[in-house]
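Structure data (mmCIF, C-alpha atoms) from coords_17.cif:
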```cif
data_target
#
loop_
_atom_site.label_atom_id
_atom_site.label_comp_id
_atom_site.auth_asym_id
_atom_site.auth_seq_id
_atom_site.Cartn_x
_atom_site.Cartn_y
_atom_site.Cartn_z
CA MET A 1 9.32 -16.34 -0.36
CA ALA A 2 11.77 -13.71 0.90
CA ASN A 3 11.17 -11.33 -2.00
CA THR A 4 7.36 -11.42 -1.89
CA ALA A 5 7.03 -7.80 -0.72
CA GLU A 6 9.36 -6.72 -3.52
CA GLN A 7 7.39 -8.78 -6.02
CA SER A 8 4.15 -7.22 -4.80
CA ARG A 9 5.60 -3.72 -5.22
CA GLU A 10 6.85 -4.61 -8.70
CA ARG A 11 3.39 -5.75 -9.77
CA PHE A 12 1.83 -2.61 -8.36
CA THR A 13 4.12 -0.37 -10.40
CA ASN A 14 2.90 -2.10 -13.55
CA PHE A 15 0.07 0.30 -14.38
CA THR A 16 -0.75 2.93 -16.97
CA PRO A 17 -0.24 6.47 -15.66
CA TYR A 18 -3.28 8.69 -15.92
CA GLU A 19 -3.20 11.20 -18.75
CA MET A 20 -5.29 14.30 -18.12
CA LYS A 21 -7.33 15.46 -21.05
CA LYS A 22 -7.17 19.07 -22.12
CA GLY A 23 -9.50 21.11 -19.94
CA GLU A 24 -10.22 18.17 -17.59
CA GLU A 25 -10.94 19.14 -14.02
CA TYR A 26 -8.72 17.79 -11.24
CA MET A 27 -10.34 14.72 -9.66
CA SER A 28 -12.92 14.28 -12.37
CA ALA A 29 -15.10 11.17 -12.28
CA GLU A 30 -12.76 9.44 -14.74
CA MET A 31 -9.70 10.33 -12.67
CA LEU A 32 -11.34 9.14 -9.45
CA GLN A 33 -12.19 5.85 -11.17
CA HIS A 34 -8.55 5.50 -12.26
CA PHE A 35 -7.38 5.78 -8.64
CA LYS A 36 -10.13 3.52 -7.35
CA ASP A 37 -9.13 0.85 -9.89
CA LEU A 38 -5.49 1.30 -8.89
CA LEU A 39 -6.32 0.86 -5.20
CA LEU A 40 -8.54 -2.16 -5.84
CA GLN A 41 -5.77 -3.80 -7.88
CA TRP A 42 -3.25 -3.12 -5.11
CA LYS A 43 -5.61 -4.50 -2.46
CA GLN A 44 -6.22 -7.63 -4.55
CA GLU A 45 -2.47 -8.24 -4.86
CA LEU A 46 -2.01 -7.82 -1.11
CA MET A 47 -4.88 -10.22 -0.38
CA GLU A 48 -3.35 -12.81 -2.72
CA GLU A 49 -0.06 -12.42 -0.86
CA VAL A 50 -1.85 -13.09 2.44
CA ASP A 51 -3.29 -16.30 0.98
CA ARG A 52 0.13 -17.38 -0.29
CA THR A 53 1.63 -16.79 3.15
CA MET A 54 -1.07 -18.85 4.85
CA HIS A 55 -0.54 -21.75 2.45
CA HIS A 56 3.24 -21.47 2.77
CA MET A 57 3.13 -21.54 6.56
CA GLN A 58 0.70 -24.48 6.60
CA GLU A 59 2.69 -26.48 4.06
CA ASP A 60 6.14 -25.72 5.44
CA ALA A 61 5.30 -26.07 9.12
CA ALA A 62 7.45 -28.88 10.45
CA ASN A 63 8.75 -29.92 13.82
CA TYR A 64 12.47 -29.98 13.25
CA ALA A 65 14.50 -32.00 15.71
CA ASP A 66 17.46 -29.67 15.34
CA PRO A 67 17.00 -26.49 17.45
CA SER A 68 18.83 -24.41 14.82
CA ASP A 69 16.48 -25.52 12.05
CA ARG A 70 13.48 -24.88 14.28
CA ALA A 71 14.77 -21.41 15.18
CA THR A 72 15.39 -20.58 11.51
CA GLN A 73 11.87 -21.63 10.57
CA GLU A 74 10.35 -19.66 13.45
CA GLU A 75 12.34 -16.57 12.45
CA GLU A 76 11.17 -16.90 8.82
CA PHE A 77 7.56 -17.26 9.95
CA SER A 78 7.95 -14.29 12.31
CA LEU A 79 9.30 -12.12 9.52
CA GLU A 80 6.46 -13.14 7.20
CA LEU A 81 3.88 -12.43 9.88
CA ARG A 82 5.33 -8.96 10.55
CA THR A 83 5.21 -8.24 6.82
CA ARG A 84 1.61 -9.44 6.62
CA ASP A 85 0.72 -7.27 9.63
CA ARG A 86 2.08 -4.21 7.83
CA GLU A 87 0.14 -5.22 4.74
CA ARG A 88 -3.02 -5.70 6.84
CA LYS A 89 -2.65 -2.11 8.03
CA LEU A 90 -2.09 -1.01 4.44
CA ILE A 91 -5.25 -2.83 3.31
CA LYS A 92 -7.17 -0.92 6.00
CA LYS A 93 -5.67 2.34 4.68
CA ILE A 94 -6.59 1.35 1.12
CA ASP A 95 -10.19 0.72 2.24
CA GLN A 96 -10.29 4.13 3.92
CA THR A 97 -8.95 5.74 0.74
CA ILE A 98 -11.56 3.99 -1.42
CA ASP A 99 -14.19 5.28 1.00
CA ARG A 100 -12.82 8.82 0.52
CA ILE A 101 -13.04 8.39 -3.26
CA ASP A 102 -16.66 7.26 -2.92
CA LYS A 103 -17.39 10.38 -0.86
CA ASP A 104 -15.62 12.70 -3.36
CA ASP A 105 -13.07 13.59 -0.68
CA TYR A 106 -9.91 12.41 -2.42
CA GLY A 107 -6.89 14.10 -3.91
CA PHE A 108 -6.73 17.16 -1.69
CA CYS A 109 -4.40 17.75 1.26
CA ASP A 110 -6.03 17.18 4.66
CA GLN A 111 -4.02 20.03 6.19
CA CYS A 112 -3.95 22.85 3.64
CA GLY A 113 -6.55 21.77 1.07
CA VAL A 114 -4.37 22.06 -2.05
CA GLU A 115 -4.26 19.42 -4.77
CA ILE A 116 -1.98 16.55 -3.81
CA GLY A 117 -1.18 15.95 -7.46
CA ILE A 118 -1.72 13.05 -9.84
CA ARG A 119 1.87 11.81 -9.93
CA ARG A 120 2.20 11.84 -6.12
CA LEU A 121 -1.08 9.95 -5.80
CA GLU A 122 0.06 7.40 -8.37
CA ALA A 123 3.27 6.92 -6.41
CA ARG A 124 1.38 6.79 -3.09
CA PRO A 125 -2.39 6.39 -3.73
CA THR A 126 -3.19 6.49 -0.01
CA ALA A 127 -1.50 9.89 0.49
CA THR A 128 -3.58 12.40 2.44
CA LEU A 129 -1.04 15.23 2.55
CA CYS A 130 0.55 17.27 -0.20
CA ILE A 131 4.32 16.97 -0.49
CA ASP A 132 4.92 20.25 1.39
CA CYS A 133 2.74 19.33 4.38
CA LYS A 134 4.19 15.80 4.45
CA THR A 135 7.73 17.19 4.44
CA LEU A 136 6.90 19.55 7.32
CA ALA A 137 5.25 16.70 9.26
CA GLU A 138 8.36 14.54 8.82
CA ILE A 139 10.63 17.37 9.98
CA ARG A 140 8.45 17.91 13.08
CA GLU A 141 8.46 14.17 13.72
CA ARG A 142 12.26 14.05 13.61
CA GLN A 143 12.59 17.08 15.86
CA THR A 144 10.06 15.97 18.48
CA GLY A 145 10.38 12.21 18.12
CA ILE A 146 6.58 11.90 18.02
#
```
Exercise: express the given structure as structure tokens:
Amino acid sequence: MANTAEQSRERFTNFTPYEMKKGEEYMSAEMLQHFKDLLLQWKQELMEEVDRTMHHMQEDAANYADPSDRATQEEEFSLELRTRDRERKLIKKIDQTIDRIDKDDYGFCDQCGVEIGIRRLEARPTATLCIDCKTLAEIRERQTGI
């Protein structure tokens, strides 16, 4: 169960990159559908992982007599729960992104308004900033610690 996040990421990378047609407008209906399908697939995989974790924790829950065994199990469960919490936040972000697609407000930088770019969105479908604005935000974050 330790590599479940890695396995989830591996499955998510198994998709067909979008190929723009000649003369196609950025964020056309077909392109938006591509990203919506991508996000829905990713969300489905995350939800399946949540179910697997629940079953794993229910099946493997045991009261070990040895304190070391009990501590190991509790640490494993704690790690899984932290991972699931991050994934829960990601699912919320995926839902927000799908909502943006439905409102035709997807694919453009929230700060400067330029196209985020197809390849960046395929790498990070929930991105809301272009690479330049994201880089500047990360630099500011490092400098201010905020």
With a distance cut-off of 10 Å and all atoms listed in the file, select the neighbouring residues of range 54-58 of chain A, excluding the residue or stretch itself and same-chain residues fewer than 3 positions from it, and output the selection as a ChimeraX atom specification.
/A:1,48-51,61-62,73,76-77,80-81,84
Output of the above residues as an mmCIF file, in the coordinates of the input, restricted to C-alpha atoms:
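Output below, filename again12.cif:
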```cif
data_model
loop_
_atom_site.group_PDB
_atom_site.id
_atom_site.type_symbol
_atom_site.label_atom_id
_atom_site.label_comp_id
_atom_site.auth_asym_id
_atom_site.auth_seq_id
_atom_site.Cartn_x
_atom_site.Cartn_y
_atom_site.Cartn_z
ATOM 1 C CA MET A 1 9.320 -16.340 -0.360
ATOM 2 C CA GLU A 48 -3.350 -12.810 -2.720
ATOM 3 C CA GLU A 49 -0.060 -12.420 -0.860
ATOM 4 C CA VAL A 50 -1.850 -13.090 2.440
ATOM 5 C CA ASP A 51 -3.290 -16.300 0.980
ATOM 6 C CA ALA A 61 5.300 -26.070 9.120
ATOM 7 C CA ALA A 62 7.450 -28.880 10.450
ATOM 8 C CA GLN A 73 11.870 -21.630 10.570
ATOM 9 C CA GLU A 76 11.170 -16.900 8.820
ATOM 10 C CA PHE A 77 7.560 -17.260 9.950
ATOM 11 C CA GLU A 80 6.460 -13.140 7.200
ATOM 12 C CA LEU A 81 3.880 -12.430 9.880
ATOM 13 C CA ARG A 84 1.610 -9.440 6.620
#
```
In Å, how far is it from CA of Cys133 in chain A to CA of Gly117 in chain A?
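Spanning CA of Cys133 in chain A to CA of Gly117 in chain A is a straight-line distance of 12.9 Å.
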Which residues, named as in the file, does the PyMOL selection byres ((chain A and resi 127) around 12) pick out? Answer as a ChimeraX atom specification.
/A:35,39,90,93-94,96-98,100,106-111,115-126,128-131,133-134
Since I can't run it myself right now, could you work out what the PyMOL selection byres ((chain A and resi 34) around 12) selects here and report it as a compact mmCIF listing (two decimals) with C-alpha atoms, in the frame of the given file?
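This went into out.txt:
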```
# COMPACT_ATOMS: atom_id res chain seq x y z
CA PHE A 15 0.07 0.30 -14.38
CA THR A 16 -0.75 2.93 -16.97
CA PRO A 17 -0.24 6.47 -15.66
CA TYR A 18 -3.28 8.69 -15.92
CA GLU A 19 -3.20 11.20 -18.75
CA MET A 20 -5.29 14.30 -18.12
CA MET A 27 -10.34 14.72 -9.66
CA SER A 28 -12.92 14.28 -12.37
CA ALA A 29 -15.10 11.17 -12.28
CA GLU A 30 -12.76 9.44 -14.74
CA MET A 31 -9.70 10.33 -12.67
CA LEU A 32 -11.34 9.14 -9.45
CA GLN A 33 -12.19 5.85 -11.17
CA PHE A 35 -7.38 5.78 -8.64
CA LYS A 36 -10.13 3.52 -7.35
CA ASP A 37 -9.13 0.85 -9.89
CA LEU A 38 -5.49 1.30 -8.89
CA LEU A 39 -6.32 0.86 -5.20
CA LEU A 40 -8.54 -2.16 -5.84
CA GLN A 41 -5.77 -3.80 -7.88
CA ILE A 98 -11.56 3.99 -1.42
CA ILE A 101 -13.04 8.39 -3.26
CA ILE A 118 -1.72 13.05 -9.84
CA LEU A 121 -1.08 9.95 -5.80
CA GLU A 122 0.06 7.40 -8.37
CA PRO A 125 -2.39 6.39 -3.73
```
Hey, which of A:Ile91, A:Ser78, A:Arg86, A:Glu25 ends up closest to Trp42 in chain A? Count only C-alpha atoms.
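The shortest atom-to-atom distance to Trp42 in chain A comes from A:Ile91.
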Quote the spacing between CA of Lys22 in chain A and CA of Asp104 in chain A in Å to one decimal place.
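Here the two named atoms are 21.5 Å from each other.
Across the structure, CA of Leu79 in chain A and CA of Glu59 in chain A are spaced 16.7 Å apart.
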Nearest to Val114 in chain A: which of A:Asp85, A:Asp66, A:Asp132, A:Asp95 is it, counting all atoms listed in the file?
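That would be A:Asp132, the residue with the smallest distance to Val114 in chain A.
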Edge lengths and centre in Å to one decimal, as lines of an AutoDock Vina configuration file, of the axis-aligned box that encloses all listed atoms of range 104-112 of chain A with 3 Å added on every side?
```
center_x = -9.8
center_y = 17.6
center_z = 1.1
size_x = 17.7
size_y = 16.4
size_z = 16.1
```
My list of candidates is A:Gly145, A:Gly23, A:Leu46, A:Pro67. Which is closest to Lys92 in chain A when distances are computed with all atoms listed in the file?
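Using all atoms listed in the file, the shortest distance to Lys92 in chain A belongs to A:Leu46.
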Would you kindly place N, CA and C atoms on range 22-49 of chain A and return the model as a PDB file, in the coordinates of the input?
```pdb
ATOM      1  N   LYS A  22      -7.183  17.609 -22.081  1.00  0.00           N
ATOM      2  CA  LYS A  22      -7.170  19.070 -22.120  1.00  0.00           C
ATOM      3  C   LYS A  22      -8.474  19.611 -21.540  1.00  0.00           C
ATOM      4  N   GLY A  23      -8.340  20.493 -20.564  1.00  0.00           N
ATOM      5  CA  GLY A  23      -9.500  21.110 -19.940  1.00  0.00           C
ATOM      6  C   GLY A  23     -10.166  20.251 -18.862  1.00  0.00           C
ATOM      7  N   GLU A  24      -9.616  19.057 -18.593  1.00  0.00           N
ATOM      8  CA  GLU A  24     -10.220  18.170 -17.590  1.00  0.00           C
ATOM      9  C   GLU A  24      -9.986  18.737 -16.192  1.00  0.00           C
ATOM     10  N   GLU A  25     -11.006  18.656 -15.395  1.00  0.00           N
ATOM     11  CA  GLU A  25     -10.940  19.140 -14.020  1.00  0.00           C
ATOM     12  C   GLU A  25     -10.209  18.120 -13.143  1.00  0.00           C
ATOM     13  N   TYR A  26      -9.435  18.651 -12.188  1.00  0.00           N
ATOM     14  CA  TYR A  26      -8.720  17.790 -11.240  1.00  0.00           C
ATOM     15  C   TYR A  26      -9.744  16.964 -10.450  1.00  0.00           C
ATOM     16  N   MET A  27      -9.489  15.688 -10.332  1.00  0.00           N
ATOM     17  CA  MET A  27     -10.340  14.720  -9.660  1.00  0.00           C
ATOM     18  C   MET A  27     -11.723  14.615 -10.298  1.00  0.00           C
ATOM     19  N   SER A  28     -11.701  14.546 -11.616  1.00  0.00           N
ATOM     20  CA  SER A  28     -12.920  14.280 -12.370  1.00  0.00           C
ATOM     21  C   SER A  28     -13.375  12.849 -12.079  1.00  0.00           C
ATOM     22  N   ALA A  29     -14.572  12.517 -12.510  1.00  0.00           N
ATOM     23  CA  ALA A  29     -15.100  11.170 -12.280  1.00  0.00           C
ATOM     24  C   ALA A  29     -14.180  10.112 -12.887  1.00  0.00           C
ATOM     25  N   GLU A  30     -13.654  10.395 -14.073  1.00  0.00           N
ATOM     26  CA  GLU A  30     -12.760   9.440 -14.740  1.00  0.00           C
ATOM     27  C   GLU A  30     -11.452   9.272 -13.956  1.00  0.00           C
ATOM     28  N   MET A  31     -10.931  10.367 -13.442  1.00  0.00           N
ATOM     29  CA  MET A  31      -9.700  10.330 -12.670  1.00  0.00           C
ATOM     30  C   MET A  31      -9.911   9.585 -11.347  1.00  0.00           C
ATOM     31  N   LEU A  32     -11.029   9.850 -10.691  1.00  0.00           N
ATOM     32  CA  LEU A  32     -11.340   9.140  -9.450  1.00  0.00           C
ATOM     33  C   LEU A  32     -11.453   7.639  -9.702  1.00  0.00           C
ATOM     34  N   GLN A  33     -12.060   7.275 -10.833  1.00  0.00           N
ATOM     35  CA  GLN A  33     -12.190   5.850 -11.170  1.00  0.00           C
ATOM     36  C   GLN A  33     -10.812   5.226 -11.407  1.00  0.00           C
ATOM     37  N   HIS A  34      -9.916   5.978 -12.041  1.00  0.00           N
ATOM     38  CA  HIS A  34      -8.550   5.500 -12.260  1.00  0.00           C
ATOM     39  C   HIS A  34      -7.897   5.147 -10.922  1.00  0.00           C
ATOM     40  N   PHE A  35      -8.007   6.031  -9.941  1.00  0.00           N
ATOM     41  CA  PHE A  35      -7.380   5.780  -8.640  1.00  0.00           C
ATOM     42  C   PHE A  35      -8.095   4.675  -7.872  1.00  0.00           C
ATOM     43  N   LYS A  36      -9.392   4.599  -8.012  1.00  0.00           N
ATOM     44  CA  LYS A  36     -10.130   3.520  -7.350  1.00  0.00           C
ATOM     45  C   LYS A  36      -9.704   2.168  -7.927  1.00  0.00           C
ATOM     46  N   ASP A  37      -9.590   2.090  -9.247  1.00  0.00           N
ATOM     47  CA  ASP A  37      -9.130   0.850  -9.890  1.00  0.00           C
ATOM     48  C   ASP A  37      -7.720   0.488  -9.431  1.00  0.00           C
ATOM     49  N   LEU A  38      -6.872   1.498  -9.338  1.00  0.00           N
ATOM     50  CA  LEU A  38      -5.490   1.300  -8.890  1.00  0.00           C
ATOM     51  C   LEU A  38      -5.466   0.733  -7.475  1.00  0.00           C
ATOM     52  N   LEU A  39      -6.264   1.315  -6.595  1.00  0.00           N
ATOM     53  CA  LEU A  39      -6.320   0.860  -5.200  1.00  0.00           C
ATOM     54  C   LEU A  39      -6.908  -0.551  -5.095  1.00  0.00           C
ATOM     55  N   LEU A  40      -7.939  -0.820  -5.867  1.00  0.00           N
ATOM     56  CA  LEU A  40      -8.540  -2.160  -5.840  1.00  0.00           C
ATOM     57  C   LEU A  40      -7.563  -3.219  -6.338  1.00  0.00           C
ATOM     58  N   GLN A  41      -6.790  -2.875  -7.368  1.00  0.00           N
ATOM     59  CA  GLN A  41      -5.770  -3.800  -7.880  1.00  0.00           C
ATOM     60  C   GLN A  41      -4.713  -4.064  -6.806  1.00  0.00           C
ATOM     61  N   TRP A  42      -4.261  -3.004  -6.156  1.00  0.00           N
ATOM     62  CA  TRP A  42      -3.250  -3.120  -5.110  1.00  0.00           C
ATOM     63  C   TRP A  42      -3.773  -3.975  -3.955  1.00  0.00           C
ATOM     64  N   LYS A  43      -5.009  -3.727  -3.553  1.00  0.00           N
ATOM     65  CA  LYS A  43      -5.610  -4.500  -2.460  1.00  0.00           C
ATOM     66  C   LYS A  43      -5.703  -5.978  -2.848  1.00  0.00           C
ATOM     67  N   GLN A  44      -6.107  -6.251  -4.081  1.00  0.00           N
ATOM     68  CA  GLN A  44      -6.220  -7.630  -4.550  1.00  0.00           C
ATOM     69  C   GLN A  44      -4.862  -8.340  -4.471  1.00  0.00           C
ATOM     70  N   GLU A  45      -3.811  -7.649  -4.904  1.00  0.00           N
ATOM     71  CA  GLU A  45      -2.470  -8.240  -4.860  1.00  0.00           C
ATOM     72  C   GLU A  45      -2.040  -8.516  -3.428  1.00  0.00           C
ATOM     73  N   LEU A  46      -2.353  -7.614  -2.516  1.00  0.00           N
ATOM     74  CA  LEU A  46      -2.010  -7.820  -1.110  1.00  0.00           C
ATOM     75  C   LEU A  46      -2.786  -9.000  -0.527  1.00  0.00           C
ATOM     76  N   MET A  47      -4.056  -9.114  -0.881  1.00  0.00           N
ATOM     77  CA  MET A  47      -4.880 -10.220  -0.380  1.00  0.00           C
ATOM     78  C   MET A  47      -4.353 -11.563  -0.916  1.00  0.00           C
ATOM     79  N   GLU A  48      -3.929 -11.584  -2.162  1.00  0.00           N
ATOM     80  CA  GLU A  48      -3.350 -12.810  -2.720  1.00  0.00           C
ATOM     81  C   GLU A  48      -2.069 -13.176  -1.986  1.00  0.00           C
ATOM     82  N   GLU A  49      -1.304 -12.176  -1.614  1.00  0.00           N
ATOM     83  CA  GLU A  49      -0.060 -12.420  -0.860  1.00  0.00           C
ATOM     84  C   GLU A  49      -0.367 -13.009   0.511  1.00  0.00           C
TER      85      GLU A  49
END
```
